[in-house]
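So this one's model.cif, mmCIF, C-alpha atoms:
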```cif
data_final
loop_
_atom_site.label_atom_id
_atom_site.label_comp_id
_atom_site.auth_asym_id
_atom_site.auth_seq_id
_atom_site.Cartn_x
_atom_site.Cartn_y
_atom_site.Cartn_z
CA MET A 1470 0.00 0.00 0.00
CA TYR A 1471 1.30 3.42 -0.97
CA LYS A 1472 1.68 6.20 1.58
CA ARG A 1473 -0.40 9.16 0.42
CA SER A 1474 0.71 12.72 1.04
CA LEU A 1475 -2.65 13.68 2.52
CA ALA A 1476 -2.62 10.87 5.08
CA ALA A 1477 -0.60 12.68 7.76
CA SER A 1478 -2.65 15.89 7.73
CA LEU A 1479 -5.95 14.00 7.72
CA SER A 1480 -4.79 11.78 10.59
CA SER A 1481 -3.70 14.70 12.75
CA SER A 1482 -6.92 16.68 12.26
CA ARG A 1483 -10.36 16.31 13.78
CA ARG A 1484 -12.05 18.43 11.11
CA ASN A 1485 -14.77 17.01 8.90
CA VAL A 1486 -13.42 16.12 5.44
CA LEU A 1487 -14.89 15.97 1.94
CA LEU A 1488 -12.40 14.08 -0.25
CA LEU A 1489 -13.02 14.46 -3.99
CA GLY A 1490 -11.34 12.52 -6.77
CA PRO A 1491 -12.03 10.27 -9.77
CA ARG A 1492 -12.91 6.63 -9.28
CA GLN A 1493 -10.07 4.27 -8.32
CA VAL A 1494 -7.60 6.89 -7.06
CA GLY A 1495 -7.73 5.48 -3.52
CA LYS A 1496 -10.24 7.70 -1.70
CA SER A 1497 -11.90 4.84 0.16
CA THR A 1498 -8.57 3.25 1.06
CA LEU A 1499 -7.22 6.52 2.44
CA LEU A 1500 -10.32 7.31 4.50
CA ARG A 1501 -10.73 3.75 5.77
CA GLY A 1502 -7.14 4.00 6.96
CA LEU A 1503 -8.34 6.65 9.42
CA ALA A 1504 -10.21 3.86 11.26
CA PRO A 1505 -13.82 5.10 11.04
CA ASP A 1506 -16.20 3.61 13.60
CA LEU A 1507 -19.11 3.48 11.15
CA ILE A 1508 -18.89 3.06 7.36
CA ILE A 1509 -21.82 3.73 5.07
CA ASN A 1510 -20.83 2.63 1.57
CA LEU A 1511 -23.22 4.19 -0.90
CA ALA A 1512 -21.58 2.28 -3.75
CA SER A 1513 -23.32 -0.76 -2.27
CA PRO A 1514 -26.69 -1.23 -4.02
CA THR A 1515 -28.34 -2.18 -0.73
CA GLU A 1516 -27.14 0.85 1.21
CA PHE A 1517 -27.78 3.17 -1.72
CA HIS A 1518 -31.33 1.91 -2.04
CA GLU A 1519 -32.08 2.24 1.67
CA TYR A 1520 -30.61 5.71 2.19
CA SER A 1521 -31.90 7.17 -1.09
CA LYS A 1522 -35.44 6.14 -0.10
CA HIS A 1523 -35.08 7.30 3.51
CA PRO A 1524 -32.25 9.85 3.88
CA GLN A 1525 -33.68 10.91 7.25
CA ARG A 1526 -32.63 7.48 8.52
CA LEU A 1527 -29.03 8.70 8.93
CA GLU A 1528 -30.00 11.45 11.36
CA ALA A 1529 -31.98 8.98 13.47
CA GLU A 1530 -29.10 6.49 13.49
CA LEU A 1531 -26.59 9.10 14.56
CA ARG A 1532 -28.78 10.25 17.43
CA ALA A 1533 -28.90 6.65 18.64
CA ALA A 1534 -25.20 5.90 18.07
CA PRO A 1535 -23.27 4.60 21.09
CA ALA A 1536 -20.58 6.77 22.63
CA ASN A 1537 -17.74 4.80 21.01
CA VAL A 1538 -19.00 5.67 17.50
CA ARG A 1539 -17.27 8.96 16.77
CA THR A 1540 -15.87 8.87 13.20
CA ILE A 1541 -18.34 8.30 10.35
CA LEU A 1542 -17.37 7.51 6.76
CA LEU A 1543 -19.92 8.22 4.02
CA ASP A 1544 -18.37 6.72 0.89
CA GLU A 1545 -19.51 8.04 -2.53
CA VAL A 1546 -21.77 10.59 -0.86
CA GLN A 1547 -22.65 12.20 -4.19
CA ARG A 1548 -24.96 9.26 -4.82
CA VAL A 1549 -27.30 10.45 -2.04
CA PRO A 1550 -26.62 14.19 -1.57
CA ALA A 1551 -29.57 14.54 0.81
CA LEU A 1552 -27.47 12.84 3.51
CA LEU A 1553 -25.40 16.02 3.78
CA ASP A 1554 -28.38 17.76 5.38
CA ALA A 1555 -28.32 15.21 8.21
CA VAL A 1556 -24.57 15.76 8.59
CA GLN A 1557 -25.14 19.51 8.98
CA VAL A 1558 -27.93 19.09 11.52
CA VAL A 1559 -25.90 16.74 13.70
CA THR A 1560 -22.72 18.83 13.33
CA ASP A 1561 -24.52 22.03 14.32
CA GLU A 1562 -26.26 20.44 17.29
CA ARG A 1563 -23.18 18.68 18.68
CA PRO A 1564 -20.05 20.03 16.96
CA SER A 1565 -17.58 17.79 18.77
CA ARG A 1566 -19.65 14.60 18.83
CA PHE A 1567 -18.76 13.17 15.40
CA ARG A 1568 -16.10 13.54 12.78
CA PHE A 1569 -17.43 12.99 9.25
CA LEU A 1570 -15.29 11.61 6.45
CA LEU A 1571 -17.03 12.07 3.09
CA SER A 1572 -15.82 10.87 -0.28
CA GLY A 1573 -17.13 11.76 -3.71
CA SER A 1574 -16.21 11.28 -7.35
CA SER A 1575 -18.59 13.78 -8.90
CA ALA A 1576 -18.86 17.45 -8.06
CA ARG A 1577 -21.49 17.53 -10.80
CA LYS A 1578 -23.92 15.31 -8.93
CA LEU A 1579 -23.46 17.32 -5.76
CA ARG A 1580 -24.13 20.60 -7.56
CA ARG A 1581 -26.88 19.26 -9.78
CA GLY A 1582 -28.68 17.85 -6.76
CA GLN A 1583 -28.36 21.23 -5.03
CA ALA A 1584 -26.47 19.43 -2.31
CA ASN A 1585 -25.61 21.11 0.96
CA LEU A 1586 -21.83 21.38 0.67
CA LEU A 1587 -21.51 22.21 4.36
CA PRO A 1588 -19.80 25.60 4.08
CA GLY A 1589 -17.59 26.26 7.09
CA ARG A 1590 -18.20 22.76 8.42
CA VAL A 1591 -15.98 20.65 6.18
CA GLN A 1592 -12.50 20.84 4.68
CA VAL A 1593 -12.45 19.96 0.99
CA HIS A 1594 -9.46 17.97 -0.28
CA HIS A 1595 -8.66 16.37 -3.63
CA LEU A 1596 -7.05 13.00 -4.24
CA HIS A 1597 -5.39 12.18 -7.53
CA PRO A 1598 -3.53 9.22 -8.99
CA LEU A 1599 -0.20 8.60 -7.31
CA LEU A 1600 2.45 11.29 -7.29
CA THR A 1601 5.99 10.21 -8.13
CA HIS A 1602 7.16 10.75 -4.55
CA GLU A 1603 4.28 8.60 -3.28
CA LEU A 1604 5.59 5.78 -5.45
CA GLY A 1605 9.08 6.24 -4.05
CA ASP A 1606 11.51 3.59 -5.26
CA ALA A 1607 8.69 1.92 -7.20
CA PHE A 1608 8.54 4.82 -9.65
CA ASP A 1609 9.48 3.83 -13.18
CA LEU A 1610 9.23 6.53 -15.83
CA ASP A 1611 8.26 4.32 -18.78
CA ARG A 1612 5.68 2.50 -16.70
CA ALA A 1613 4.14 5.80 -15.56
CA LEU A 1614 4.10 7.16 -19.11
CA SER A 1615 2.41 4.06 -20.53
CA HIS A 1616 0.21 2.77 -17.67
CA GLY A 1617 -0.30 5.94 -15.63
CA THR A 1618 -0.37 5.94 -11.83
CA LEU A 1619 -3.81 4.81 -10.70
CA PRO A 1620 -2.91 2.89 -7.50
CA GLY A 1621 -4.68 -0.36 -8.33
CA VAL A 1622 -3.27 -0.39 -11.85
CA TYR A 1623 0.30 0.54 -10.95
CA ALA A 1624 0.43 -2.05 -8.16
CA GLN A 1625 -0.26 -4.91 -10.55
CA THR A 1626 2.99 -6.67 -11.36
CA ASP A 1627 1.81 -8.17 -14.64
CA ALA A 1628 1.82 -5.70 -17.55
CA VAL A 1629 -0.94 -7.60 -19.36
CA GLU A 1630 -3.19 -7.37 -16.32
CA ARG A 1631 -2.45 -3.65 -15.97
CA ALA A 1632 -3.46 -3.09 -19.57
CA ALA A 1633 -6.66 -5.11 -19.15
CA THR A 1634 -7.61 -3.17 -16.02
CA LEU A 1635 -7.06 0.15 -17.77
CA ARG A 1636 -9.16 -0.83 -20.77
CA SER A 1637 -11.92 -2.04 -18.47
CA TYR A 1638 -11.78 1.27 -16.57
CA THR A 1639 -12.11 3.34 -19.73
CA ASP A 1640 -14.87 1.22 -21.21
CA THR A 1641 -17.06 0.62 -18.16
CA TYR A 1642 -16.49 3.86 -16.25
CA LEU A 1643 -15.65 6.63 -18.69
CA ARG A 1644 -17.88 5.42 -21.50
CA GLU A 1645 -20.79 3.92 -19.57
CA GLU A 1646 -21.08 5.28 -16.03
CA ILE A 1647 -20.34 8.90 -16.90
CA GLN A 1648 -22.69 8.60 -19.83
CA ALA A 1649 -25.44 7.38 -17.51
CA GLU A 1650 -24.72 10.00 -14.86
CA ALA A 1651 -24.76 12.83 -17.36
CA LEU A 1652 -27.88 11.59 -19.14
CA VAL A 1653 -25.93 11.51 -22.38
CA ARG A 1654 -28.39 10.59 -25.11
CA ASP A 1655 -25.95 10.46 -28.00
CA LEU A 1656 -23.56 7.74 -26.88
CA GLY A 1657 -21.79 7.71 -30.25
CA GLY A 1658 -21.15 11.46 -30.17
CA TYR A 1659 -19.96 11.33 -26.58
CA GLY A 1660 -17.63 8.43 -27.33
CA ARG A 1661 -16.16 10.17 -30.37
CA LEU A 1662 -15.62 13.39 -28.42
CA LEU A 1663 -14.00 11.47 -25.56
CA ASP A 1664 -11.52 9.90 -27.98
CA LEU A 1665 -10.78 13.28 -29.57
CA ILE A 1666 -10.19 14.87 -26.16
CA ALA A 1667 -7.83 12.01 -25.29
CA ALA A 1668 -5.93 12.64 -28.52
CA SER A 1669 -5.77 16.37 -27.69
CA SER A 1670 -4.92 15.90 -24.01
CA GLY A 1671 -2.33 18.45 -22.96
CA LEU A 1672 -3.12 20.79 -25.84
CA ILE A 1673 -5.22 23.92 -26.27
CA ILE A 1674 -8.53 22.44 -27.35
CA ASN A 1675 -10.44 23.94 -30.27
CA LEU A 1676 -13.95 23.03 -29.21
CA ALA A 1677 -15.51 24.12 -32.51
CA ALA A 1678 -13.21 21.77 -34.43
CA LEU A 1679 -13.76 18.93 -31.95
CA SER A 1680 -17.52 19.26 -32.15
CA ARG A 1681 -17.37 19.13 -35.95
CA ASP A 1682 -15.11 16.08 -35.92
CA ALA A 1683 -17.33 14.33 -33.35
CA GLY A 1684 -20.47 15.17 -35.35
CA ILE A 1685 -22.21 16.97 -32.47
CA GLY A 1686 -23.26 20.55 -31.78
CA HIS A 1687 -20.88 23.04 -30.19
CA GLU A 1688 -23.01 23.45 -27.07
CA THR A 1689 -23.30 19.67 -26.67
CA ALA A 1690 -19.52 19.35 -26.94
CA ARG A 1691 -19.05 22.10 -24.35
CA ARG A 1692 -21.45 20.31 -21.99
CA TYR A 1693 -19.69 16.95 -22.43
CA LEU A 1694 -16.31 18.55 -21.70
CA GLN A 1695 -17.76 20.18 -18.60
CA ILE A 1696 -19.04 16.77 -17.50
CA LEU A 1697 -15.51 15.36 -17.73
CA GLU A 1698 -14.17 18.22 -15.60
CA ASP A 1699 -17.01 17.94 -13.07
CA THR A 1700 -16.36 14.22 -12.68
CA LEU A 1701 -12.64 15.07 -12.22
CA VAL A 1702 -11.61 13.04 -15.27
CA ALA A 1703 -10.18 16.13 -16.97
CA PHE A 1704 -8.73 19.43 -15.82
CA THR A 1705 -7.75 22.67 -17.53
CA VAL A 1706 -4.56 24.63 -17.02
CA PRO A 1707 -5.57 28.25 -17.70
CA ALA A 1708 -3.59 30.67 -19.82
CA TRP A 1709 -1.39 33.16 -18.00
CA ALA A 1710 -2.75 36.60 -18.78
CA GLY A 1711 -0.53 39.20 -17.14
CA SER A 1712 -1.36 42.76 -18.14
CA ASP A 1713 -0.96 42.50 -21.93
CA ARG A 1714 -3.96 40.35 -22.75
CA VAL A 1715 -4.39 41.45 -26.36
CA SER A 1716 -1.40 39.56 -27.76
CA LEU A 1717 -1.81 36.40 -25.65
CA ILE A 1718 -3.73 33.20 -26.26
CA SER A 1719 -6.57 33.09 -23.72
CA HIS A 1720 -7.58 29.43 -23.97
CA GLY A 1721 -6.48 26.85 -21.42
CA ARG A 1722 -4.82 23.49 -22.00
CA THR A 1723 -7.04 20.52 -21.19
CA PHE A 1724 -5.54 17.35 -19.71
CA LEU A 1725 -7.00 13.96 -18.88
CA PHE A 1726 -6.27 13.07 -15.27
CA ASP A 1727 -4.10 9.97 -15.94
CA LEU A 1728 -1.77 8.93 -18.75
CA GLY A 1729 -2.79 5.28 -18.61
CA VAL A 1730 -6.41 6.26 -19.11
CA ARG A 1731 -5.42 8.51 -22.02
CA ASN A 1732 -3.42 5.71 -23.66
CA ALA A 1733 -6.17 3.14 -23.15
CA LEU A 1734 -8.78 5.44 -24.68
CA LEU A 1735 -6.56 5.89 -27.74
CA ARG A 1736 -5.85 2.15 -27.94
CA ARG A 1737 -2.14 2.83 -27.70
CA PRO A 1738 0.12 -0.16 -26.93
CA LEU A 1739 0.33 -0.27 -23.15
CA ASP A 1740 3.51 -2.31 -22.91
CA ARG A 1741 5.78 0.50 -24.14
CA VAL A 1742 6.01 4.21 -24.90
CA LEU A 1743 5.86 5.11 -28.58
CA ASP A 1744 8.98 7.04 -29.56
CA ASP A 1745 7.08 9.91 -31.16
CA GLU A 1746 4.93 10.34 -28.04
CA ARG A 1747 7.63 10.38 -25.38
CA GLY A 1748 8.00 14.15 -25.44
CA PRO A 1749 4.29 15.00 -25.18
CA LEU A 1750 3.75 12.29 -22.53
CA LEU A 1751 6.65 13.58 -20.42
CA GLU A 1752 5.23 17.12 -20.61
CA HIS A 1753 1.83 15.69 -19.66
CA LEU A 1754 3.36 13.91 -16.66
CA VAL A 1755 5.00 17.11 -15.39
CA GLY A 1756 1.74 19.01 -15.88
CA MET A 1757 -0.15 16.44 -13.83
CA GLU A 1758 2.46 16.51 -11.07
CA LEU A 1759 2.16 20.30 -10.83
CA HIS A 1760 -1.65 20.25 -10.98
CA ARG A 1761 -1.92 17.56 -8.31
CA ARG A 1762 0.22 19.61 -5.94
CA THR A 1763 -1.41 22.98 -6.53
CA THR A 1764 -4.90 21.66 -5.74
CA ASP A 1765 -4.00 20.73 -2.14
CA LEU A 1766 -0.35 20.37 -1.20
CA TRP A 1767 0.89 23.73 -2.46
CA PRO A 1768 -1.92 26.26 -1.88
CA GLU A 1769 0.28 29.32 -2.48
CA ALA A 1770 1.03 28.17 -6.05
CA LYS A 1771 -1.15 28.62 -9.14
CA LEU A 1772 -0.54 26.79 -12.41
CA PHE A 1773 -0.80 28.35 -15.89
CA HIS A 1774 0.58 27.97 -19.40
CA TYR A 1775 1.85 30.76 -21.64
CA ARG A 1776 1.45 31.30 -25.36
CA THR A 1777 1.36 34.38 -27.55
CA ARG A 1778 -0.54 34.79 -30.79
CA HIS A 1779 2.85 34.85 -32.53
CA GLY A 1780 3.70 31.36 -31.26
CA ALA A 1781 6.06 32.03 -28.35
CA GLU A 1782 5.20 29.63 -25.53
CA VAL A 1783 6.25 28.28 -22.15
CA ASP A 1784 4.98 24.84 -21.15
CA PHE A 1785 4.05 25.81 -17.59
CA VAL A 1786 4.05 29.00 -15.57
CA LEU A 1787 3.81 28.85 -11.79
CA GLU A 1788 2.79 31.81 -9.69
CA VAL A 1789 4.34 31.00 -6.32
CA GLY A 1790 3.30 33.74 -3.95
CA ARG A 1791 4.62 36.85 -5.72
CA GLU A 1792 7.20 34.95 -7.77
CA LEU A 1793 6.85 33.70 -11.33
CA TRP A 1794 8.46 30.41 -12.38
CA ALA A 1795 8.77 29.51 -16.06
CA ILE A 1796 9.11 25.78 -16.80
CA GLU A 1797 10.00 24.01 -20.05
CA VAL A 1798 9.99 20.21 -20.39
CA LYS A 1799 12.39 18.41 -22.74
CA SER A 1800 12.56 14.68 -23.39
CA ALA A 1801 16.24 14.90 -24.42
CA THR A 1802 19.13 13.73 -22.25
CA SER A 1803 21.05 16.94 -22.93
CA VAL A 1804 20.08 20.59 -23.31
CA GLN A 1805 22.04 22.89 -25.61
CA GLY A 1806 22.43 26.63 -25.20
CA ARG A 1807 20.85 28.97 -22.73
CA SER A 1808 18.36 30.90 -24.88
CA PHE A 1809 14.67 29.95 -24.88
CA PRO A 1810 12.37 32.25 -26.89
CA GLY A 1811 9.36 31.50 -24.68
CA PHE A 1812 11.23 32.55 -21.55
CA ASP A 1813 12.41 35.72 -23.28
CA SER A 1814 8.89 36.56 -24.44
CA LEU A 1815 7.43 36.04 -20.97
CA ALA A 1816 10.25 38.11 -19.43
CA GLN A 1817 9.10 41.09 -21.52
CA ARG A 1818 5.80 41.00 -19.64
CA ALA A 1819 6.84 40.04 -16.13
CA ARG A 1820 9.86 39.42 -13.96
CA ILE A 1821 10.73 35.72 -13.94
CA ALA A 1822 12.16 34.52 -10.62
CA ARG A 1823 13.15 31.07 -11.94
CA ARG A 1824 13.75 29.76 -15.46
CA ILE A 1825 13.65 25.97 -15.29
CA VAL A 1826 14.26 23.36 -17.97
CA VAL A 1827 13.27 19.82 -16.95
CA PHE A 1828 15.04 17.11 -18.95
CA LEU A 1829 15.97 13.42 -18.92
CA GLY A 1830 19.65 13.85 -18.16
CA THR A 1831 21.21 12.78 -14.89
CA ARG A 1832 23.02 15.91 -13.64
CA ALA A 1833 21.69 19.36 -12.81
CA GLN A 1834 23.32 22.39 -14.40
CA ILE A 1835 23.19 26.16 -13.93
CA ARG A 1836 23.80 28.36 -16.98
CA GLY A 1837 23.43 32.00 -16.02
CA ASP A 1838 19.86 32.36 -14.77
CA LEU A 1839 18.83 29.03 -16.36
CA GLU A 1840 18.30 25.96 -14.15
CA ILE A 1841 18.57 22.68 -16.06
CA LEU A 1842 17.16 19.97 -13.81
CA PRO A 1843 16.81 16.20 -14.26
CA LEU A 1844 13.20 15.09 -13.92
CA PRO A 1845 13.65 13.32 -10.53
CA HIS A 1846 15.59 16.31 -9.17
CA PHE A 1847 12.85 18.73 -10.21
CA LEU A 1848 9.98 16.62 -8.88
CA ALA A 1849 11.78 15.98 -5.57
CA SER A 1850 12.15 19.74 -5.07
CA LEU A 1851 8.39 20.34 -5.19
CA PRO A 1852 6.26 20.45 -2.02
CA ALA A 1853 5.01 17.04 -0.95
#
```
Could you take the file, read its structure, and then write that structure out as structure tokens?
Amino acid sequence: MYKRSLAASLSSSRRNVLLLGPRQVGKSTLLRGLAPDLIINLASPTEFHEYSKHPQRLEAELRAAPANVRTILLDEVQRVPALLDAVQVVTDERPSRFRFLLSGSSARKLRRGQANLLPGRVQVHHLHPLLTHELGDAFDLDRALSHGTLPGVYAQTDAVERAATLRSYTDTYLREEIQAEALVRDLGGYGRLLDLIAASSGLIINLAALSRDAGIGHETARRYLQILEDTLVAFTVPAWAGSDRVSLISHGRTFLFDLGVRNALLRRPLDRVLDDERGPLLEHLVGMELHRRTTDLWPEAKLFHYRTRHGAEVDFVLEVGRELWAIEVKSATSVQGRSFPGFDSLAQRARIARRIVVFLGTRAQIRGDLEILPLPHFLASLPA
């Protein structure tokens, strides 16, 4: 079992927690590791049926709970959002009586059901596939680039089994369950758009072009993309704007949440990394590592990308407090020169505190104000 970065802070706190994340990232495992006294698993058909018919049952059960029942886990709470009202009532009446651990894989269902999100009563955290430092010595770059880092997938020792699990995940969850949740009527159009988004993952998405290629309307395509973001299957890195907005690209870069899922959707071979995809996949990996940290572990940092209408670009821009970090990702084992047009373009608009090139070499270098960092060195330097 992998040690998750959130585990220590959740263990040391008595605050109520809402843990959001896609399916199979380890939410239940993490929260069950906090030794809850009562577990209500709403993924179970029996419990879902009972509590969806009678959500008031939870309030009655908590009032009758013995003194030794103090920590309550509601797993997949988005399936019965009405239970959050009972959590609020009990929390307001007896603030120190219970600690609630809530997990959810769909912010969409919570919002669509006008769920009580317990403002001021719960800390919201996000769980993602495994970070490289959570894998520790088990981290293997090619394996992460081809199979991704979903815990259950990565832990499988047999590559054939990992591939089968990934394909099952994409077919049964992404294509069927999200379709059902979102009331998608045009399964063919949704499936085609999902494949196109996978092929464009990490790029600036042209939604008009995608909708044409998928054979669906622009508004339908926008809604499907929003569904993927609401169910935490995709995320967008916004464009850095600065003060000179006129000459900058304003669209964000959209990423799928896991490389293995992306590869399985595209029916890529999952036993190796294709040579022509190593560069984009490495950039994708670094983007996910930065995104996963800035959502919870690094609250003072904000993640952007930079691109001008004339084509100058920087892969990632981090606003860290009042500092600006510019980051380029290269799949080469050596980096030549010290001039990068994207860095120079960004420097005309803002002061850059750090210019970082991440590459696949083994030794760090400093060339003037340029930091050339091996991938493990760079990732190990980030907050964990």
Residue IDs satisfying the PyMOL selection byres ((chain A and resi 1525) around 12), as a list in words: Glu1519, Tyr1520, Ser1521, Lys1522, His1523, Pro1524, Arg1526, Leu1527, Glu1528, Ala1529, Glu1530, Leu1531, Arg1532, Val1549, Pro1550, Ala1551, Leu1552, Leu1553, Asp1554, Ala1555, Val1556, Val1558 and Val1559 of chain A
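Once the PyMOL selection byres ((chain A and resi 1671) around 10) is applied to this file, the selection holds Ile1666, Ala1667, Ala1668, Ser1669, Ser1670, Leu1672, Ile1673, Ile1674, Phe1704, Thr1705, Val1706, Gly1721, Arg1722, Thr1723, Phe1724, Leu1725, Pro1749, Leu1750, Glu1752, His1753, Leu1754, Gly1756, Met1757 and Asp1784 of chain A.
Taking CA of Leu1734 (chain A) as the reference point, CA of Asp1606 (chain A) is found at 28.1 Å.
Note that CA of Asp1727 (chain A) and CA of Ala1849 (chain A) are 19.9 Å apart.
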Sort by chain and increasing residue number a table of all residues of region 1505-1618 of chain A within 8 Å of region 1475-1495 of chain A, each with its closest pair of atoms and their distance in Å to one decimal, counting only C-alpha atoms, and write it as CSV.
```
residue,atom,partner,partner_atom,distance
A:Arg1568,CA,A:Asn1485,CA,5.4
A:Phe1569,CA,A:Asn1485,CA,4.8
A:Leu1570,CA,A:Val1486,CA,5.0
A:Leu1571,CA,A:Leu1487,CA,4.6
A:Ser1572,CA,A:Leu1488,CA,4.7
A:Gly1573,CA,A:Leu1489,CA,4.9
A:Ser1574,CA,A:Pro1491,CA,4.9
A:Ser1575,CA,A:Leu1489,CA,7.5
A:Ala1576,CA,A:Leu1489,CA,7.7
A:Arg1590,CA,A:Asn1485,CA,6.7
A:Val1591,CA,A:Asn1485,CA,4.7
A:Gln1592,CA,A:Val1486,CA,4.9
A:Val1593,CA,A:Leu1487,CA,4.8
A:His1594,CA,A:Leu1488,CA,4.9
A:His1595,CA,A:Leu1489,CA,4.8
A:Leu1596,CA,A:Gly1490,CA,5.0
A:His1597,CA,A:Val1494,CA,5.8
A:Pro1598,CA,A:Val1494,CA,5.1
A:Leu1599,CA,A:Val1494,CA,7.6
```
Taken to one decimal, the CA of Gly1657 (chain A)-CA of Thr1689 (chain A) distance is 12.6 Å
Shell around Pro1810 (chain A) at 8 Å using only C-alpha atoms, local window under 2 positions removed, as number ranges by chain: A: 1781-1782, 1808, 1812-1814
Pick out the residues sitting within 12 Å of Thr1626 (chain A), and hand them over as a ChimeraX atom specification; count all atoms listed in the file, and ignore anything fewer than 5 positions along from it in its own chain. /A:1607,1612,1616,1620-1621,1631-1632
To verify the selection step, state as a PyMOL selection string which residues the PyMOL selection byres ((chain A and resi 1679) around 10) yields on this input. chain A and resi 1661-1663+1665-1666+1669+1674-1678+1680-1687+1690-1691
Looking at all atoms listed in the file, which of A:Ala1819, A:Leu1507, A:Leu1751, A:Ile1796 is the one that sits closest to Glu1840 (chain A)? A:Ile1796
Could you pull the residues within 6 Å of region 1800-1803 of chain A, counting all atoms listed in the file, minus those fewer than 2 positions along the same chain, as a PyMOL selection string? chain A and resi 1748+1828-1830
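Closest approach to Ile1825 (chain A) among A:Trp1794, A:Pro1707, A:Lys1472, A:Leu1851 is made by A:Trp1794 (distances from only C-alpha atoms).
Shortest atom-to-atom contact with Ala1633 (chain A) among A:Arg1836, A:His1518, A:His1760, A:Arg1736: A:Arg1736, counting only C-alpha atoms.
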Which one is closest to Ala1504 (chain A): A:Arg1539, A:Arg1563, A:Arg1807, A:Arg1776? Count all atoms listed in the file. A:Arg1539
So that all listed atoms of region 1777-1783 of chain A fit with 8 Å spare on each side, what axis-aligned box centre and edge lengths in Å, to one decimal, would you give as JSON?
```
{"center_x": 2.9, "center_y": 31.6, "center_z": -27.3, "size_x": 22.8, "size_y": 22.6, "size_z": 26.4}
```
